[in-house]
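Q: Structure supplied as protein_10.cif; contents: mmCIF, C-alpha atoms, pLDDT in the B column; chains and numbers go by the auth columns.
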```
data_work
loop_
_atom_site.group_PDB
_atom_site.id
_atom_site.type_symbol
_atom_site.label_atom_id
_atom_site.label_comp_id
_atom_site.label_asym_id
_atom_site.label_seq_id
_atom_site.Cartn_x
_atom_site.Cartn_y
_atom_site.Cartn_z
_atom_site.B_iso_or_equiv
_atom_site.auth_seq_id
_atom_site.auth_asym_id
ATOM 1 C CA MET A 1 -79.205 -48.788 51.394 46.00 277 A
ATOM 2 C CA TYR A 2 -76.210 -49.864 49.343 42.00 278 A
ATOM 3 C CA ARG A 3 -76.807 -53.173 47.626 48.00 279 A
ATOM 4 C CA HIS A 4 -73.862 -55.255 46.454 47.00 280 A
ATOM 5 C CA THR A 5 -74.574 -57.238 43.307 45.00 281 A
ATOM 6 C CA LYS A 6 -72.323 -60.102 42.335 49.00 282 A
ATOM 7 C CA ILE A 7 -71.278 -60.312 38.709 48.00 283 A
ATOM 8 C CA SER A 8 -70.854 -63.815 37.420 53.00 284 A
ATOM 9 C CA THR A 9 -67.581 -64.963 35.888 51.00 285 A
ATOM 10 C CA CYS A 10 -69.348 -65.398 32.561 48.00 286 A
ATOM 11 C CA SER A 11 -70.585 -61.799 32.649 50.00 287 A
ATOM 12 C CA LYS A 12 -67.095 -60.529 33.419 50.00 288 A
ATOM 13 C CA VAL A 13 -65.694 -62.443 30.467 44.00 289 A
ATOM 14 C CA CYS A 14 -68.393 -61.068 28.177 45.00 290 A
ATOM 15 C CA ILE A 15 -67.698 -57.495 29.315 46.00 291 A
ATOM 16 C CA TYR A 16 -63.962 -58.001 28.814 45.00 292 A
ATOM 17 C CA LEU A 17 -64.412 -59.458 25.323 41.00 293 A
ATOM 18 C CA THR A 18 -66.706 -56.586 24.376 45.00 294 A
ATOM 19 C CA TYR A 19 -64.051 -54.103 25.524 45.00 295 A
ATOM 20 C CA ILE A 20 -61.286 -55.875 23.573 45.00 296 A
ATOM 21 C CA SER A 21 -63.482 -55.932 20.479 46.00 297 A
ATOM 22 C CA SER A 22 -64.107 -52.179 20.688 47.00 298 A
ATOM 23 C CA VAL A 23 -60.368 -51.504 21.072 37.00 299 A
ATOM 24 C CA ILE A 24 -59.583 -53.622 18.000 44.00 300 A
ATOM 25 C CA ILE A 25 -62.214 -51.797 15.951 40.00 301 A
ATOM 26 C CA THR A 26 -60.824 -48.411 17.032 42.00 302 A
ATOM 27 C CA LEU A 27 -57.257 -49.418 16.145 39.00 303 A
ATOM 28 C CA SER A 28 -58.406 -50.745 12.789 43.00 304 A
ATOM 29 C CA GLN A 29 -60.178 -47.478 11.994 46.00 305 A
ATOM 30 C CA THR A 30 -57.087 -45.479 12.991 42.00 306 A
ATOM 31 C CA LEU A 31 -54.826 -47.557 10.754 38.00 307 A
ATOM 32 C CA ASN A 32 -57.253 -47.277 7.867 45.00 308 A
ATOM 33 C CA ASN A 33 -57.382 -43.499 8.227 43.00 309 A
ATOM 34 C CA SER A 34 -53.593 -43.165 8.438 41.00 310 A
ATOM 35 C CA THR A 35 -53.010 -45.206 5.286 43.00 311 A
ATOM 36 C CA ASN A 36 -55.984 -43.928 3.341 43.00 312 A
ATOM 37 C CA SER A 37 -54.036 -41.130 1.656 44.00 313 A
ATOM 38 C CA LYS A 38 -51.435 -43.602 0.390 52.00 314 A
ATOM 39 C CA VAL A 39 -54.081 -46.064 -0.781 54.00 315 A
ATOM 40 C CA ASN A 40 -55.734 -43.310 -2.805 69.00 316 A
ATOM 41 C CA CYS A 41 -52.434 -41.908 -4.066 75.00 317 A
ATOM 42 C CA VAL A 42 -51.485 -42.485 -7.692 69.00 318 A
ATOM 43 C CA ALA A 43 -47.832 -41.660 -8.293 63.00 319 A
ATOM 44 C CA GLU A 44 -47.093 -39.644 -11.412 64.00 320 A
ATOM 45 C CA ILE A 45 -43.914 -39.126 -13.404 66.00 321 A
ATOM 46 C CA SER A 46 -43.796 -35.706 -15.003 67.00 322 A
ATOM 47 C CA HIS A 47 -42.811 -35.195 -18.621 67.00 323 A
ATOM 48 C CA LYS A 48 -42.552 -31.439 -18.265 75.00 324 A
ATOM 49 C CA GLU A 49 -39.486 -30.090 -20.004 76.00 325 A
ATOM 50 C CA PHE A 50 -39.322 -26.962 -17.864 81.00 326 A
ATOM 51 C CA TRP A 51 -40.574 -26.133 -14.390 85.00 327 A
ATOM 52 C CA GLU A 52 -41.954 -22.849 -13.136 86.00 328 A
ATOM 53 C CA LYS A 53 -40.924 -22.267 -9.535 89.00 329 A
ATOM 54 C CA GLU A 54 -44.552 -21.679 -8.509 91.00 330 A
ATOM 55 C CA ASP A 55 -45.598 -25.084 -9.874 91.00 331 A
ATOM 56 C CA PHE A 56 -42.839 -27.188 -8.373 94.00 332 A
ATOM 57 C CA PRO A 57 -44.258 -29.773 -5.905 94.00 333 A
ATOM 58 C CA ASN A 58 -43.524 -30.098 -2.194 95.00 334 A
ATOM 59 C CA PRO A 59 -42.116 -33.562 -1.270 94.00 335 A
ATOM 60 C CA GLN A 60 -43.765 -33.485 2.156 93.00 336 A
ATOM 61 C CA ILE A 61 -47.207 -32.599 0.784 94.00 337 A
ATOM 62 C CA ASN A 62 -47.492 -33.463 -2.924 93.00 338 A
ATOM 63 C CA ILE A 63 -46.425 -37.073 -2.438 91.00 339 A
ATOM 64 C CA ASP A 64 -47.952 -38.144 -5.755 91.00 340 A
ATOM 65 C CA LEU A 65 -45.982 -35.613 -7.797 92.00 341 A
ATOM 66 C CA CYS A 66 -42.401 -35.836 -6.519 93.00 342 A
ATOM 67 C CA GLY A 67 -41.402 -39.181 -7.991 92.00 343 A
ATOM 68 C CA ARG A 68 -41.163 -40.815 -4.556 91.00 344 A
ATOM 69 C CA HIS A 69 -43.923 -43.385 -5.032 90.00 345 A
ATOM 70 C CA CYS A 70 -46.449 -41.751 -2.730 91.00 346 A
ATOM 71 C CA LYS A 71 -44.271 -41.414 0.349 91.00 347 A
ATOM 72 C CA THR A 72 -43.130 -38.301 2.144 92.00 348 A
ATOM 73 C CA SER A 73 -39.544 -37.416 1.417 93.00 349 A
ATOM 74 C CA TRP A 74 -36.955 -34.648 1.491 94.00 350 A
ATOM 75 C CA ILE A 75 -36.418 -35.154 -2.237 96.00 351 A
ATOM 76 C CA CYS A 76 -38.633 -33.963 -5.063 96.00 352 A
ATOM 77 C CA ASP A 77 -37.725 -35.632 -8.351 95.00 353 A
ATOM 78 C CA PRO A 78 -40.817 -35.363 -10.570 93.00 354 A
ATOM 79 C CA ASN A 79 -38.904 -36.241 -13.758 92.00 355 A
ATOM 80 C CA ALA A 80 -37.293 -39.360 -12.229 93.00 356 A
ATOM 81 C CA VAL A 81 -33.697 -38.227 -12.631 94.00 357 A
ATOM 82 C CA LEU A 82 -32.775 -40.685 -9.857 95.00 358 A
ATOM 83 C CA SER A 83 -33.823 -44.280 -9.330 94.00 359 A
ATOM 84 C CA SER A 84 -36.104 -45.044 -6.390 93.00 360 A
ATOM 85 C CA GLN A 85 -33.247 -46.783 -4.557 95.00 361 A
ATOM 86 C CA GLN A 86 -30.920 -43.818 -5.061 96.00 362 A
ATOM 87 C CA ALA A 87 -33.535 -41.417 -3.717 95.00 363 A
ATOM 88 C CA ASP A 88 -34.121 -43.681 -0.700 95.00 364 A
ATOM 89 C CA GLU A 89 -30.396 -43.686 0.057 95.00 365 A
ATOM 90 C CA LEU A 90 -30.237 -39.900 -0.192 95.00 366 A
ATOM 91 C CA ASP A 91 -33.199 -39.599 2.162 94.00 367 A
ATOM 92 C CA SER A 92 -31.279 -41.732 4.657 93.00 368 A
ATOM 93 C CA ILE A 93 -28.241 -39.428 4.457 92.00 369 A
ATOM 94 C CA VAL A 94 -30.453 -36.367 4.863 91.00 370 A
ATOM 95 C CA ASN A 95 -32.037 -37.866 7.978 88.00 371 A
ATOM 96 C CA THR A 96 -28.559 -38.482 9.412 87.00 372 A
ATOM 97 C CA VAL A 97 -27.651 -34.833 8.867 84.00 373 A
ATOM 98 C CA ALA A 98 -30.884 -33.822 10.598 81.00 374 A
ATOM 99 C CA GLU A 99 -29.520 -35.494 13.756 78.00 375 A
ATOM 100 C CA SER A 100 -25.986 -34.108 13.468 70.00 376 A
ATOM 101 C CA GLY A 101 -26.327 -31.560 16.276 62.00 377 A
ATOM 102 C CA LYS A 102 -25.445 -28.610 14.025 62.00 378 A
ATOM 103 C CA CYS A 103 -28.226 -26.291 15.079 61.00 379 A
ATOM 104 C CA SER A 104 -28.280 -22.729 16.398 57.00 380 A
ATOM 105 C CA CYS A 105 -32.036 -22.380 16.796 62.00 381 A
ATOM 106 C CA GLN A 106 -33.361 -21.204 20.135 61.00 382 A
ATOM 107 C CA ASN A 107 -35.062 -24.497 20.998 61.00 383 A
ATOM 108 C CA CYS A 108 -32.545 -27.028 19.664 57.00 384 A
ATOM 109 C CA THR A 109 -31.973 -30.382 21.311 56.00 385 A
ATOM 110 C CA SER A 110 -28.519 -31.963 21.416 52.00 386 A
ATOM 111 C CA THR A 111 -29.206 -33.995 18.262 57.00 387 A
ATOM 112 C CA ASP A 112 -30.960 -31.386 16.127 66.00 388 A
ATOM 113 C CA GLY A 113 -29.181 -30.720 12.855 72.00 389 A
ATOM 114 C CA TYR A 114 -30.064 -28.743 9.810 80.00 390 A
ATOM 115 C CA ASN A 115 -32.558 -29.907 7.259 88.00 391 A
ATOM 116 C CA ILE A 116 -31.442 -30.684 3.704 92.00 392 A
ATOM 117 C CA SER A 117 -33.991 -30.942 0.923 95.00 393 A
ATOM 118 C CA ILE A 118 -33.269 -31.668 -2.725 96.00 394 A
ATOM 119 C CA ALA A 119 -35.082 -30.540 -5.866 97.00 395 A
ATOM 120 C CA LEU A 120 -34.314 -32.097 -9.248 96.00 396 A
ATOM 121 C CA VAL A 121 -35.537 -30.696 -12.559 94.00 397 A
ATOM 122 C CA SER A 122 -34.921 -31.629 -16.177 91.00 398 A
ATOM 123 C CA SER A 123 -33.966 -28.046 -16.910 87.00 399 A
ATOM 124 C CA LEU A 124 -34.747 -24.526 -15.846 83.00 400 A
ATOM 125 C CA LYS A 125 -37.105 -22.499 -17.995 75.00 401 A
ATOM 126 C CA PRO A 126 -35.247 -20.138 -20.342 72.00 402 A
ATOM 127 C CA SER A 127 -35.691 -16.456 -19.623 72.00 403 A
ATOM 128 C CA ILE A 128 -34.063 -13.122 -20.301 70.00 404 A
ATOM 129 C CA LYS A 129 -32.170 -13.637 -17.046 77.00 405 A
ATOM 130 C CA SER A 130 -28.953 -15.611 -16.853 84.00 406 A
ATOM 131 C CA LEU A 131 -29.203 -19.293 -15.941 86.00 407 A
ATOM 132 C CA LYS A 132 -27.622 -18.589 -12.565 86.00 408 A
ATOM 133 C CA ASP A 133 -30.061 -15.769 -11.778 89.00 409 A
ATOM 134 C CA SER A 134 -33.002 -17.987 -12.750 89.00 410 A
ATOM 135 C CA ALA A 135 -31.675 -20.793 -10.547 91.00 411 A
ATOM 136 C CA VAL A 136 -31.123 -18.494 -7.568 91.00 412 A
ATOM 137 C CA GLU A 137 -34.667 -17.183 -7.910 93.00 413 A
ATOM 138 C CA PHE A 138 -36.053 -20.729 -8.250 94.00 414 A
ATOM 139 C CA ILE A 139 -34.206 -22.181 -5.263 95.00 415 A
ATOM 140 C CA HIS A 140 -34.972 -19.213 -3.023 94.00 416 A
ATOM 141 C CA PHE A 141 -38.660 -19.465 -3.856 95.00 417 A
ATOM 142 C CA ILE A 142 -38.966 -23.177 -3.065 95.00 418 A
ATOM 143 C CA ARG A 143 -36.884 -22.925 0.135 94.00 419 A
ATOM 144 C CA ASP A 144 -39.179 -20.160 1.312 92.00 420 A
ATOM 145 C CA SER A 145 -42.388 -21.946 0.289 92.00 421 A
ATOM 146 C CA TRP A 146 -41.352 -25.379 1.601 92.00 422 A
ATOM 147 C CA ASN A 147 -40.224 -23.826 4.899 86.00 423 A
ATOM 148 C CA PHE A 148 -39.056 -27.134 6.382 85.00 424 A
ATOM 149 C CA GLN A 149 -37.126 -25.447 9.211 75.00 425 A
ATOM 150 C CA LYS A 150 -38.784 -22.619 11.086 71.00 426 A
ATOM 151 C CA CYS A 151 -35.598 -20.810 12.093 80.00 427 A
ATOM 152 C CA ASP A 152 -33.749 -20.897 8.750 85.00 428 A
ATOM 153 C CA ASN A 153 -31.702 -23.928 9.783 84.00 429 A
ATOM 154 C CA ASP A 154 -32.168 -25.491 6.360 90.00 430 A
ATOM 155 C CA ILE A 155 -30.392 -26.136 3.073 93.00 431 A
ATOM 156 C CA VAL A 156 -31.920 -26.655 -0.361 95.00 432 A
ATOM 157 C CA ILE A 157 -29.992 -28.234 -3.233 96.00 433 A
ATOM 158 C CA LEU A 158 -31.267 -27.686 -6.769 96.00 434 A
ATOM 159 C CA LEU A 159 -29.989 -29.900 -9.586 96.00 435 A
ATOM 160 C CA SER A 160 -30.823 -29.152 -13.210 94.00 436 A
ATOM 161 C CA LYS A 161 -30.065 -32.289 -15.233 93.00 437 A
ATOM 162 C CA ASP A 162 -29.893 -30.998 -18.801 91.00 438 A
ATOM 163 C CA ASP A 163 -28.113 -27.815 -17.751 90.00 439 A
ATOM 164 C CA ARG A 164 -25.525 -29.867 -15.817 92.00 440 A
ATOM 165 C CA LYS A 165 -25.783 -27.356 -12.992 92.00 441 A
ATOM 166 C CA VAL A 166 -26.278 -27.589 -9.248 95.00 442 A
ATOM 167 C CA TYR A 167 -27.055 -24.836 -6.765 96.00 443 A
ATOM 168 C CA THR A 168 -27.218 -24.608 -2.975 95.00 444 A
ATOM 169 C CA GLU A 169 -29.031 -22.144 -0.755 94.00 445 A
ATOM 170 C CA ALA A 170 -28.536 -22.211 3.009 92.00 446 A
ATOM 171 C CA GLY A 171 -30.807 -20.456 5.466 90.00 447 A
ATOM 172 C CA ALA A 172 -29.266 -17.818 7.713 89.00 448 A
ATOM 173 C CA THR A 173 -28.918 -20.205 10.663 85.00 449 A
ATOM 174 C CA ALA A 174 -27.468 -23.109 8.663 86.00 450 A
ATOM 175 C CA ASN A 175 -25.115 -20.643 6.980 89.00 451 A
ATOM 176 C CA LYS A 176 -23.312 -20.222 10.314 85.00 452 A
ATOM 177 C CA PHE A 177 -21.960 -23.756 9.859 81.00 453 A
ATOM 178 C CA LEU A 178 -22.156 -24.132 6.104 85.00 454 A
ATOM 179 C CA THR A 179 -20.595 -20.901 4.903 89.00 455 A
ATOM 180 C CA ASP A 180 -20.581 -19.698 1.303 91.00 456 A
ATOM 181 C CA ASP A 181 -16.889 -20.625 1.067 92.00 457 A
ATOM 182 C CA CYS A 182 -17.689 -24.185 2.187 90.00 458 A
ATOM 183 C CA ILE A 183 -20.457 -24.438 -0.399 93.00 459 A
ATOM 184 C CA ASP A 184 -18.095 -23.260 -3.144 93.00 460 A
ATOM 185 C CA GLN A 185 -15.498 -25.851 -2.111 93.00 461 A
ATOM 186 C CA VAL A 186 -18.065 -28.659 -2.255 93.00 462 A
ATOM 187 C CA HIS A 187 -19.244 -27.477 -5.675 95.00 463 A
ATOM 188 C CA ASP A 188 -15.638 -27.671 -6.893 94.00 464 A
ATOM 189 C CA ILE A 189 -15.382 -31.265 -5.622 94.00 465 A
ATOM 190 C CA ILE A 190 -18.442 -32.467 -7.540 95.00 466 A
ATOM 191 C CA GLU A 191 -17.846 -30.512 -10.757 94.00 467 A
ATOM 192 C CA SER A 192 -16.316 -33.446 -12.655 95.00 468 A
ATOM 193 C CA ASP A 193 -19.090 -35.915 -11.745 96.00 469 A
ATOM 194 C CA LEU A 194 -21.693 -33.297 -12.612 95.00 470 A
ATOM 195 C CA SER A 195 -20.194 -32.824 -16.076 94.00 471 A
ATOM 196 C CA ASP A 196 -20.307 -36.612 -16.541 95.00 472 A
ATOM 197 C CA GLY A 197 -23.987 -36.772 -15.591 94.00 473 A
ATOM 198 C CA LYS A 198 -23.397 -38.749 -12.380 96.00 474 A
ATOM 199 C CA TYR A 199 -26.255 -37.040 -10.590 97.00 475 A
ATOM 200 C CA TYR A 200 -26.648 -39.491 -7.731 97.00 476 A
ATOM 201 C CA ASP A 201 -22.916 -39.376 -6.962 97.00 477 A
ATOM 202 C CA VAL A 202 -23.062 -35.579 -7.033 97.00 478 A
ATOM 203 C CA LEU A 203 -25.955 -35.332 -4.592 96.00 479 A
ATOM 204 C CA LYS A 204 -24.595 -38.042 -2.303 95.00 480 A
ATOM 205 C CA GLU A 205 -21.237 -36.265 -2.095 94.00 481 A
ATOM 206 C CA MET A 206 -22.872 -32.904 -1.442 94.00 482 A
ATOM 207 C CA ALA A 207 -25.161 -34.207 1.304 91.00 483 A
ATOM 208 C CA THR A 208 -22.259 -36.077 2.908 88.00 484 A
ATOM 209 C CA GLN A 209 -19.925 -33.067 2.740 88.00 485 A
ATOM 210 C CA TYR A 210 -22.593 -30.763 4.147 85.00 486 A
ATOM 211 C CA LYS A 211 -22.955 -33.106 7.125 76.00 487 A
#
```
Can you dump the structure from the file as structure tokens?

A:
Amino acid sequence: MYRHTKISTCSKVCIYLTYISSVIITLSQTLNNSTNSKVNCVAEISHKEFWEKEDFPNPQINIDLCGRHCKTSWICDPNAVLSSQQADELDSIVNTVAESGKCSCQNCTSTDGYNISIALVSSLKPSIKSLKDSAVEFIHFIRDSWNFQKCDNDIVILLSKDDRKVYTEAGATANKFLTDDCIDQVHDIIESDLSDGKYYDVLKEMATQYK
């Protein structure tokens, strides 16, 4: 025989409060877990004079080593060539480009654009190769290892402060929009500011032009 048992109003309130309490505890644990990596992160500024390509940090993973104060970024600036505010502004421009719609990947949405990431070094390590060859090897290695866009719809900018040089490598898909001729034209535009050491202006202009 089915027996119907009445639950008092007080009991209902107690059950409800217990449920709310458990939800709050769960949310609190989730928030603690999500911020734990940042709480434990100690940002470092590198004093390395030269960087090996294999040692250069990833701004989406090595958040303590890229000069971005323990936050994920598209910019890795371990030697603090830029100020924090300048890097934040560049990140904002990069995010705008990522929604520009310039994408030829198979599964693009209408707003997908290409991904720009920026690497800044004090200088490139001297070698028997020319500076340009060393830079091309460096930028190709980090674009391949970072792999921020699965279908080569990405662009990496490398700026070497002491060498007063900047380099761009575009993945095969991004290169359909940003051709080598376009890259050369943009490099011509920023040449004067680069010679004057206006690194933020250089990178801002490049990211804006590439948009």

Q: Report as a ChimeraX atom specification the residues that result from applying the PyMOL selection byres ((chain A and resi 416) around 12) to the structure here.

A: /A:329-330,395,409-415,417-423,428,430-434,443-447

Q: Rank nothing, just name the residue among A:Lys408, A:Ser368, A:His345, A:Asn451 nearest to Lys480 in chain A, using all atoms listed in the file.

A: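 Among the listed residues, A:Ser368 lies closest to Lys480 in chain A.
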
Q: Tell me which residues the PyMOL selection byres ((chain A and resi 344) around 10) grabs here, as a PyMOL selection string.

A: chain A and resi 319-321+335+338-343+345-354+356+358-361+363-364

Q: With all atoms listed in the file as the basis for distance, which of A:Tyr475, A:Ala374, A:Asp460, A:Ile404 is at the shortest distance from Gln425 in chain A?

A: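 The answer is A:Ala374, which sits nearest to Gln425 in chain A.
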
Q: Axis-aligned box over every listed atom of range 433-441 of chain A, padded by 8 Å per side: centre and edges in Å to one decimal, as JSON?

A:
```
{"center_x": -28.4, "center_y": -29.8, "center_z": -11.0, "size_x": 21.7, "size_y": 20.9, "size_z": 31.6}
```

Q: Would you mind listing what lies within 9 Å of Ala483 in chain A as a ChimeraX atom specification, with only C-alpha atoms counted and same-chain residues fewer than 5 positions away left out?

A: /A:366,369-370,373,392,433,478

Q: CA of Glu325 in chain A and CA of Val442 in chain A are how many Å apart?

A: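 Value for the CA of Glu325 in chain A-CA of Val442 in chain A distance: 17.2 Å.
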
Q: Measure the distance from CA of Phe424 in chain A to CA of Lys437 in chain A in Å and round it to one decimal.

A: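 Here the two named atoms are 24.0 Å from each other.
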